[in-house]
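Chemist: Sending over entry01.cif (mmCIF, C-alpha atoms, pLDDT in the B column; chains and numbers go by the auth columns).
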```cif
data_coords
#
loop_
_atom_site.group_PDB
_atom_site.id
_atom_site.type_symbol
_atom_site.label_atom_id
_atom_site.label_comp_id
_atom_site.label_asym_id
_atom_site.label_seq_id
_atom_site.Cartn_x
_atom_site.Cartn_y
_atom_site.Cartn_z
_atom_site.B_iso_or_equiv
_atom_site.auth_seq_id
_atom_site.auth_asym_id
ATOM 1 C CA MET A 1 0.000 0.000 0.000 80.00 1 M
ATOM 2 C CA LEU A 2 2.788 2.410 0.984 86.00 2 M
ATOM 3 C CA LEU A 3 4.766 1.613 -2.175 89.00 3 M
ATOM 4 C CA GLN A 4 1.687 2.164 -4.314 90.00 4 M
ATOM 5 C CA LYS A 5 1.208 5.620 -2.783 90.00 5 M
ATOM 6 C CA ILE A 6 4.839 6.472 -3.420 90.00 6 M
ATOM 7 C CA ALA A 7 4.556 5.200 -6.997 90.00 7 M
ATOM 8 C CA LYS A 8 1.771 7.774 -7.478 91.00 8 M
ATOM 9 C CA GLY A 9 4.012 10.561 -6.167 89.00 9 M
ATOM 10 C CA ASP A 10 2.948 10.751 -2.507 87.00 10 M
ATOM 11 C CA SER A 11 5.928 12.485 -0.871 85.00 11 M
ATOM 12 C CA LYS A 12 4.558 11.975 2.663 88.00 12 M
ATOM 13 C CA SER A 13 4.549 8.200 2.152 89.00 13 M
ATOM 14 C CA PHE A 14 8.070 8.450 0.779 87.00 14 M
ATOM 15 C CA ALA A 15 9.109 10.327 3.938 86.00 15 M
ATOM 16 C CA VAL A 16 7.674 7.496 6.061 89.00 16 M
ATOM 17 C CA LEU A 17 9.626 4.953 4.009 89.00 17 M
ATOM 18 C CA PHE A 18 12.781 7.044 4.264 87.00 18 M
ATOM 19 C CA GLU A 19 12.491 7.398 8.051 88.00 19 M
ATOM 20 C CA HIS A 20 11.934 3.668 8.438 91.00 20 M
ATOM 21 C CA TYR A 21 14.820 2.408 6.276 91.00 21 M
ATOM 22 C CA TYR A 22 17.403 5.191 6.378 90.00 22 M
ATOM 23 C CA PRO A 23 19.116 4.274 9.687 90.00 23 M
ATOM 24 C CA SER A 24 19.656 0.609 8.779 91.00 24 M
ATOM 25 C CA LEU A 25 20.665 1.507 5.220 91.00 25 M
ATOM 26 C CA LEU A 26 23.207 4.031 6.485 89.00 26 M
ATOM 27 C CA SER A 27 24.642 1.467 8.882 89.00 27 M
ATOM 28 C CA PHE A 28 24.841 -1.147 6.119 89.00 28 M
ATOM 29 C CA ILE A 29 26.686 1.181 3.744 89.00 29 M
ATOM 30 C CA ALA A 30 29.031 2.425 6.484 86.00 30 M
ATOM 31 C CA GLN A 31 30.226 -1.144 7.003 85.00 31 M
ATOM 32 C CA TYR A 32 31.749 -1.022 3.546 81.00 32 M
ATOM 33 C CA VAL A 33 32.998 2.541 3.208 80.00 33 M
ATOM 34 C CA LYS A 34 33.929 3.288 6.857 71.00 34 M
ATOM 35 C CA SER A 35 33.170 6.948 6.343 72.00 35 M
ATOM 36 C CA SER A 36 29.987 8.435 7.772 74.00 36 M
ATOM 37 C CA PHE A 37 30.050 11.289 5.247 70.00 37 M
ATOM 38 C CA LEU A 38 30.454 8.978 2.273 78.00 38 M
ATOM 39 C CA ALA A 39 27.868 6.530 3.646 82.00 39 M
ATOM 40 C CA ASP A 40 25.389 9.383 4.015 82.00 40 M
ATOM 41 C CA ASP A 41 26.035 10.530 0.437 82.00 41 M
ATOM 42 C CA ILE A 42 25.514 7.020 -0.917 87.00 42 M
ATOM 43 C CA ALA A 43 22.348 6.504 1.132 88.00 43 M
ATOM 44 C CA GLN A 44 20.969 9.799 -0.149 86.00 44 M
ATOM 45 C CA ASP A 45 21.779 8.748 -3.719 86.00 45 M
ATOM 46 C CA VAL A 46 19.935 5.459 -3.182 91.00 46 M
ATOM 47 C CA PHE A 47 16.788 7.236 -2.018 89.00 47 M
ATOM 48 C CA ILE A 48 17.020 9.733 -4.867 88.00 48 M
ATOM 49 C CA LYS A 49 17.152 6.802 -7.311 89.00 49 M
ATOM 50 C CA ILE A 50 14.116 5.264 -5.642 90.00 50 M
ATOM 51 C CA TRP A 51 12.178 8.517 -5.845 89.00 51 M
ATOM 52 C CA ASP A 52 13.203 9.105 -9.462 89.00 52 M
ATOM 53 C CA GLY A 53 12.073 5.580 -10.401 90.00 53 M
ATOM 54 C CA ARG A 54 9.064 5.479 -8.083 90.00 54 M
ATOM 55 C CA GLU A 55 6.667 4.416 -10.842 91.00 55 M
ATOM 56 C CA LYS A 56 8.319 0.980 -10.825 90.00 56 M
ATOM 57 C CA LEU A 57 7.831 0.433 -7.074 89.00 57 M
ATOM 58 C CA THR A 58 4.583 -1.443 -7.662 88.00 58 M
ATOM 59 C CA GLU A 59 6.624 -4.207 -9.315 89.00 59 M
ATOM 60 C CA VAL A 60 8.839 -4.717 -6.236 87.00 60 M
ATOM 61 C CA GLU A 61 7.856 -7.776 -4.197 85.00 61 M
ATOM 62 C CA HIS A 62 10.419 -7.643 -1.363 87.00 62 M
ATOM 63 C CA PHE A 63 11.247 -4.007 -0.843 88.00 63 M
ATOM 64 C CA GLY A 64 13.866 -4.490 1.899 87.00 64 M
ATOM 65 C CA ALA A 65 15.965 -6.916 -0.117 87.00 65 M
ATOM 66 C CA TRP A 66 15.533 -4.773 -3.236 90.00 66 M
ATOM 67 C CA LEU A 67 16.593 -1.628 -1.360 91.00 67 M
ATOM 68 C CA PHE A 68 19.726 -3.220 0.053 89.00 68 M
ATOM 69 C CA THR A 69 20.645 -4.627 -3.360 90.00 69 M
ATOM 70 C CA ILE A 70 20.442 -1.114 -4.793 91.00 70 M
ATOM 71 C CA ALA A 71 22.534 0.153 -1.878 91.00 71 M
ATOM 72 C CA ARG A 72 25.138 -2.561 -2.436 90.00 72 M
ATOM 73 C CA ASN A 73 25.378 -1.719 -6.130 88.00 73 M
ATOM 74 C CA GLN A 74 25.561 2.016 -5.445 89.00 74 M
ATOM 75 C CA THR A 75 28.273 1.408 -2.843 87.00 75 M
ATOM 76 C CA PHE A 76 30.300 -0.708 -5.264 85.00 76 M
ATOM 77 C CA ASN A 77 29.866 1.888 -8.006 83.00 77 M
ATOM 78 C CA THR A 78 31.122 4.555 -5.616 80.00 78 M
ATOM 79 C CA LEU A 79 34.076 2.390 -4.589 76.00 79 M
ATOM 80 C CA LYS A 80 34.807 1.699 -8.236 74.00 80 M
ATOM 81 C CA ALA A 81 34.847 5.434 -8.955 71.00 81 M
ATOM 82 C CA ALA A 82 37.018 5.949 -5.889 64.00 82 M
ATOM 83 C CA GLY A 83 39.355 3.293 -7.259 58.00 83 M
ATOM 84 C CA ARG A 84 40.257 5.714 -10.010 56.00 84 M
ATOM 85 C CA SER A 85 41.666 7.970 -7.321 54.00 85 M
ATOM 86 C CA GLU A 86 44.571 6.315 -5.501 51.00 86 M
ATOM 87 C CA ALA A 87 44.241 8.660 -2.516 53.00 87 M
ATOM 88 C CA ILE A 88 40.532 8.005 -1.977 54.00 88 M
ATOM 89 C CA LEU A 89 40.875 4.249 -2.456 53.00 89 M
ATOM 90 C CA SER A 90 43.810 4.100 -0.066 54.00 90 M
ATOM 91 C CA LYS A 91 41.856 5.993 2.596 53.00 91 M
ATOM 92 C CA LEU A 92 38.798 3.746 2.203 53.00 92 M
ATOM 93 C CA LEU A 93 40.753 0.503 2.310 53.00 93 M
ATOM 94 C CA GLU A 94 42.816 1.479 5.338 51.00 94 M
ATOM 95 C CA GLN A 95 39.567 2.132 7.218 50.00 95 M
ATOM 96 C CA TYR A 96 38.051 -1.198 6.185 47.00 96 M
ATOM 97 C CA ILE A 97 37.475 -3.695 9.003 41.00 97 M
ATOM 98 C CA PRO A 98 35.656 -6.905 8.119 45.00 98 M
ATOM 99 C CA VAL A 99 32.304 -7.116 9.880 45.00 99 M
ATOM 100 C CA GLN A 100 29.940 -9.973 10.542 46.00 100 M
ATOM 101 C CA ALA A 101 26.549 -9.845 8.884 45.00 101 M
ATOM 102 C CA SER A 102 24.261 -8.368 11.509 52.00 102 M
ATOM 103 C CA SER A 103 20.946 -8.031 9.745 58.00 103 M
ATOM 104 C CA THR A 104 18.833 -10.103 7.431 65.00 104 M
ATOM 105 C CA GLU A 105 19.797 -7.888 4.491 61.00 105 M
ATOM 106 C CA ASP A 106 23.503 -8.258 5.299 60.00 106 M
ATOM 107 C CA ARG A 107 23.169 -12.038 5.493 66.00 107 M
ATOM 108 C CA VAL A 108 21.257 -12.136 2.196 70.00 108 M
ATOM 109 C CA LEU A 109 23.925 -10.067 0.455 66.00 109 M
ATOM 110 C CA THR A 110 26.733 -12.123 1.962 68.00 110 M
ATOM 111 C CA ARG A 111 25.013 -15.296 0.772 75.00 111 M
ATOM 112 C CA ASP A 112 24.640 -13.709 -2.672 78.00 112 M
ATOM 113 C CA TYR A 113 28.385 -13.050 -2.840 77.00 113 M
ATOM 114 C CA GLN A 114 29.173 -16.495 -1.446 79.00 114 M
ATOM 115 C CA ALA A 115 26.921 -18.136 -4.032 86.00 115 M
ATOM 116 C CA PHE A 116 28.587 -16.145 -6.794 87.00 116 M
ATOM 117 C CA LEU A 117 32.037 -17.190 -5.557 87.00 117 M
ATOM 118 C CA GLU A 118 30.983 -20.833 -5.250 88.00 118 M
ATOM 119 C CA LYS A 119 29.502 -20.804 -8.750 91.00 119 M
ATOM 120 C CA GLN A 120 32.735 -19.442 -10.192 92.00 120 M
ATOM 121 C CA LEU A 121 34.851 -21.961 -8.315 92.00 121 M
ATOM 122 C CA LEU A 122 32.698 -24.858 -9.475 94.00 122 M
ATOM 123 C CA GLN A 123 33.533 -23.913 -13.063 94.00 123 M
ATOM 124 C CA MET A 124 37.239 -24.395 -12.368 94.00 124 M
ATOM 125 C CA PRO A 125 39.147 -27.690 -12.490 94.00 125 M
ATOM 126 C CA GLU A 126 38.937 -29.717 -9.255 94.00 126 M
ATOM 127 C CA ARG A 127 42.667 -29.415 -8.552 94.00 127 M
ATOM 128 C CA THR A 128 42.494 -25.606 -8.907 93.00 128 M
ATOM 129 C CA ARG A 129 39.517 -25.433 -6.501 93.00 129 M
ATOM 130 C CA ASP A 130 41.362 -27.579 -3.976 93.00 130 M
ATOM 131 C CA ILE A 131 44.502 -25.459 -4.151 93.00 131 M
ATOM 132 C CA PHE A 132 42.523 -22.222 -3.974 90.00 132 M
ATOM 133 C CA LYS A 133 40.641 -23.529 -0.911 88.00 133 M
ATOM 134 C CA ARG A 134 43.843 -24.536 0.833 90.00 134 M
ATOM 135 C CA CYS A 135 45.569 -21.208 0.139 86.00 135 M
ATOM 136 C CA ARG A 136 42.638 -18.826 0.723 82.00 136 M
ATOM 137 C CA GLU A 137 40.441 -20.531 3.299 79.00 137 M
ATOM 138 C CA MET A 138 42.987 -22.601 5.186 84.00 138 M
ATOM 139 C CA ASN A 139 45.729 -19.965 4.812 82.00 139 M
ATOM 140 C CA GLN A 140 48.330 -22.503 3.759 86.00 140 M
ATOM 141 C CA SER A 141 51.463 -21.311 2.013 88.00 141 M
ATOM 142 C CA TYR A 142 52.279 -22.400 -1.516 87.00 142 M
ATOM 143 C CA GLU A 143 55.084 -24.536 -0.069 91.00 143 M
ATOM 144 C CA GLU A 144 52.727 -26.309 2.361 93.00 144 M
ATOM 145 C CA VAL A 145 50.195 -27.031 -0.371 93.00 145 M
ATOM 146 C CA ALA A 146 52.889 -28.244 -2.745 94.00 146 M
ATOM 147 C CA GLN A 147 54.300 -30.596 -0.121 95.00 147 M
ATOM 148 C CA GLU A 148 50.874 -32.013 0.843 94.00 148 M
ATOM 149 C CA LEU A 149 49.841 -32.576 -2.787 94.00 149 M
ATOM 150 C CA GLY A 150 53.237 -33.780 -3.995 95.00 150 M
ATOM 151 C CA ILE A 151 53.556 -31.061 -6.641 94.00 151 M
ATOM 152 C CA SER A 152 55.959 -28.182 -7.163 92.00 152 M
ATOM 153 C CA ARG A 153 55.509 -24.749 -5.601 88.00 153 M
ATOM 154 C CA ASN A 154 55.407 -23.352 -9.126 89.00 154 M
ATOM 155 C CA ALA A 155 52.449 -25.624 -9.998 90.00 155 M
ATOM 156 C CA VAL A 156 50.569 -24.298 -6.951 89.00 156 M
ATOM 157 C CA LYS A 157 51.371 -20.749 -8.020 88.00 157 M
ATOM 158 C CA ASN A 158 50.113 -21.439 -11.554 88.00 158 M
ATOM 159 C CA HIS A 159 46.799 -22.786 -10.217 89.00 159 M
ATOM 160 C CA MET A 160 46.391 -19.720 -7.986 89.00 160 M
ATOM 161 C CA VAL A 161 47.210 -17.334 -10.843 86.00 161 M
ATOM 162 C CA PHE A 162 44.626 -19.101 -13.013 89.00 162 M
ATOM 163 C CA ALA A 163 41.983 -18.980 -10.242 89.00 163 M
ATOM 164 C CA HIS A 164 42.577 -15.296 -9.542 86.00 164 M
ATOM 165 C CA LYS A 165 42.506 -14.441 -13.229 87.00 165 M
ATOM 166 C CA GLU A 166 39.175 -16.234 -13.708 90.00 166 M
ATOM 167 C CA LEU A 167 37.660 -14.699 -10.560 88.00 167 M
ATOM 168 C CA LYS A 168 38.933 -11.228 -11.422 84.00 168 M
ATOM 169 C CA THR A 169 37.249 -11.370 -14.823 87.00 169 M
ATOM 170 C CA ALA A 170 33.992 -12.781 -13.434 89.00 170 M
ATOM 171 C CA VAL A 171 33.777 -10.289 -10.548 82.00 171 M
ATOM 172 C CA PHE A 172 34.450 -7.325 -12.813 79.00 172 M
ATOM 173 C CA LYS A 173 31.893 -8.546 -15.336 82.00 173 M
ATOM 174 C CA GLU A 174 29.214 -9.142 -12.668 79.00 174 M
ATOM 175 C CA TYR A 175 29.861 -6.272 -10.231 70.00 175 M
ATOM 176 C CA GLY A 176 32.198 -3.871 -12.025 68.00 176 M
ATOM 177 C CA ILE A 177 34.767 -3.895 -9.211 67.00 177 M
ATOM 178 C CA SER A 178 38.206 -5.327 -8.594 68.00 178 M
ATOM 179 C CA LEU A 179 38.702 -8.732 -7.031 71.00 179 M
ATOM 180 C CA GLY A 180 40.350 -7.088 -4.014 67.00 180 M
ATOM 181 C CA LEU A 181 37.285 -4.945 -3.356 66.00 181 M
ATOM 182 C CA PHE A 182 35.031 -7.983 -3.798 70.00 182 M
ATOM 183 C CA PHE A 183 36.965 -9.947 -1.175 70.00 183 M
ATOM 184 C CA ALA A 184 36.999 -6.888 1.094 63.00 184 M
ATOM 185 C CA ALA A 185 33.227 -6.539 0.725 62.00 185 M
ATOM 186 C CA ILE A 186 32.451 -10.148 1.652 65.00 186 M
ATOM 187 C CA GLY A 187 34.970 -10.252 4.475 59.00 187 M
ATOM 188 C CA PRO A 188 36.000 -13.631 5.827 54.00 188 M
ATOM 189 C CA PHE A 189 34.510 -16.353 3.722 48.00 189 M
ATOM 190 C CA GLN A 190 34.173 -20.122 3.688 46.00 190 M
ATOM 191 C CA LEU A 191 34.696 -21.813 0.374 44.00 191 M
ATOM 192 C CA PRO A 192 32.646 -24.834 -0.626 40.00 192 M
ATOM 193 C CA ILE A 193 34.094 -28.266 -0.033 38.00 193 M
ATOM 194 C CA VAL A 194 33.873 -29.855 -3.466 34.00 194 M
#
```
Just give me the structure as structure tokens.

Modeler:
Amino acid sequence: MLLQKIAKGDSKSFAVLFEHYYPSLLSFIAQYVKSSFLADDIAQDVFIKIWDGREKLTEVEHFGAWLFTIARNQTFNTLKAAGRSEAILSKLLEQYIPVQASSTEDRVLTRDYQAFLEKQLLQMPERTRDIFKRCREMNQSYEEVAQELGISRNAVKNHMVFAHKELKTAVFKEYGISLGLFFAAIGPFQLPIV
């Protein structure tokens, strides 16, 4: 009902929606950018986009999830733009502290990223997945992995280079960001056991 009113241009209903979602949206965005000013700017941009495209709100089935998806994309777009400026990117990344998903929206987005990562890994050869898992999830060195698998350190390195190259391409194609920012956004992660 509220979304239908907003779709028809009811600014009072939009204000109610804004007041309800703004605090949690701001908190969600701040987890990624670690700057209250930047988080506020991004949150404002998200609500401006919603208002500008309000006619489409009647098509939205799960507004909360939809809103946080828009916020995630807007945040990544902002980080991508910041990536063009070494100074801004450096400042953002030095403030980054991985956080645990604290809300339903955070958990949904984290699962979305995890599913994307799992899907990409499942497209890789089994040996590459195993080596990637050992190096990234289990934090084993190339030497440790090589010794356990009875292969050379260089072979481990080649598998990791291949995995990173494939993931870098897939992440940029899907989200328009670097692999480093993707891993920073999802924080600590568990890879599938395949």

Chemist: Could you write out as an mmCIF file with C-alpha atoms, keeping the file's coordinate frame the residues that the PyMOL selection byres ((chain M and resi 66) around 12) matches in the shown file?

Modeler:
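Below is the file that was written, part_21.cif:
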```
data_model
loop_
_atom_site.group_PDB
_atom_site.id
_atom_site.type_symbol
_atom_site.label_atom_id
_atom_site.label_comp_id
_atom_site.auth_asym_id
_atom_site.auth_seq_id
_atom_site.Cartn_x
_atom_site.Cartn_y
_atom_site.Cartn_z
ATOM 1 C CA TYR M 21 14.820 2.408 6.276
ATOM 2 C CA LEU M 25 20.665 1.507 5.220
ATOM 3 C CA VAL M 46 19.935 5.459 -3.182
ATOM 4 C CA ILE M 50 14.116 5.264 -5.642
ATOM 5 C CA LYS M 56 8.319 0.980 -10.825
ATOM 6 C CA LEU M 57 7.831 0.433 -7.074
ATOM 7 C CA GLU M 59 6.624 -4.207 -9.315
ATOM 8 C CA VAL M 60 8.839 -4.717 -6.236
ATOM 9 C CA GLU M 61 7.856 -7.776 -4.197
ATOM 10 C CA HIS M 62 10.419 -7.643 -1.363
ATOM 11 C CA PHE M 63 11.247 -4.007 -0.843
ATOM 12 C CA GLY M 64 13.866 -4.490 1.899
ATOM 13 C CA ALA M 65 15.965 -6.916 -0.117
ATOM 14 C CA LEU M 67 16.593 -1.628 -1.360
ATOM 15 C CA PHE M 68 19.726 -3.220 0.053
ATOM 16 C CA THR M 69 20.645 -4.627 -3.360
ATOM 17 C CA ILE M 70 20.442 -1.114 -4.793
ATOM 18 C CA ALA M 71 22.534 0.153 -1.878
ATOM 19 C CA ARG M 72 25.138 -2.561 -2.436
ATOM 20 C CA ASN M 73 25.378 -1.719 -6.130
ATOM 21 C CA GLU M 105 19.797 -7.888 4.491
ATOM 22 C CA VAL M 108 21.257 -12.136 2.196
ATOM 23 C CA LEU M 109 23.925 -10.067 0.455
#
```

Chemist: Can you work out which one of M:Glu166, M:Glu55, M:Glu19, M:Asp45 has the shortest atom-to-atom distance to M:Ala7, counting all atoms listed in the file?

Modeler: M:Glu55

Chemist: Written as a list in words, what is the full residue list that the PyMOL selection byres ((chain M and resi 122) around 12) yields on the file shown?

Modeler: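 This file, filtered by the PyMOL selection byres ((chain M and resi 122) around 12), leaves Ala115, Phe116, Leu117, Glu118, Lys119, Gln120, Leu121, Gln123, Met124, Pro125, Glu126, Arg127, Thr128, Arg129, Asp130, Phe132, Lys133, Ala163, Glu166, Leu167, Leu191, Pro192, Ile193 and Val194 of chain M.
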
Chemist: Give me, please, the distance in Å between atom CA of M:His20 and atom CA of M:Phe76, quoted to one decimal.

Modeler: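 If I compute the distance from atom CA of M:His20 to atom CA of M:Phe76, I get 23.3 Å.
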
Chemist: Excluding M:Asn158 and any residue of its chain fewer than 3 positions from it, enumerate the residues within 12 Å of it, using only C-alpha atoms, and give them as a ChimeraX atom specification.

Modeler: /M:127-128,131-132,142,146,151-155,161-165

Chemist: What does the distance between atom CA of M:Ala81 and atom CA of M:Arg111 come to in Å, to one decimal place?

Modeler: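 So the answer is 24.9 Å.
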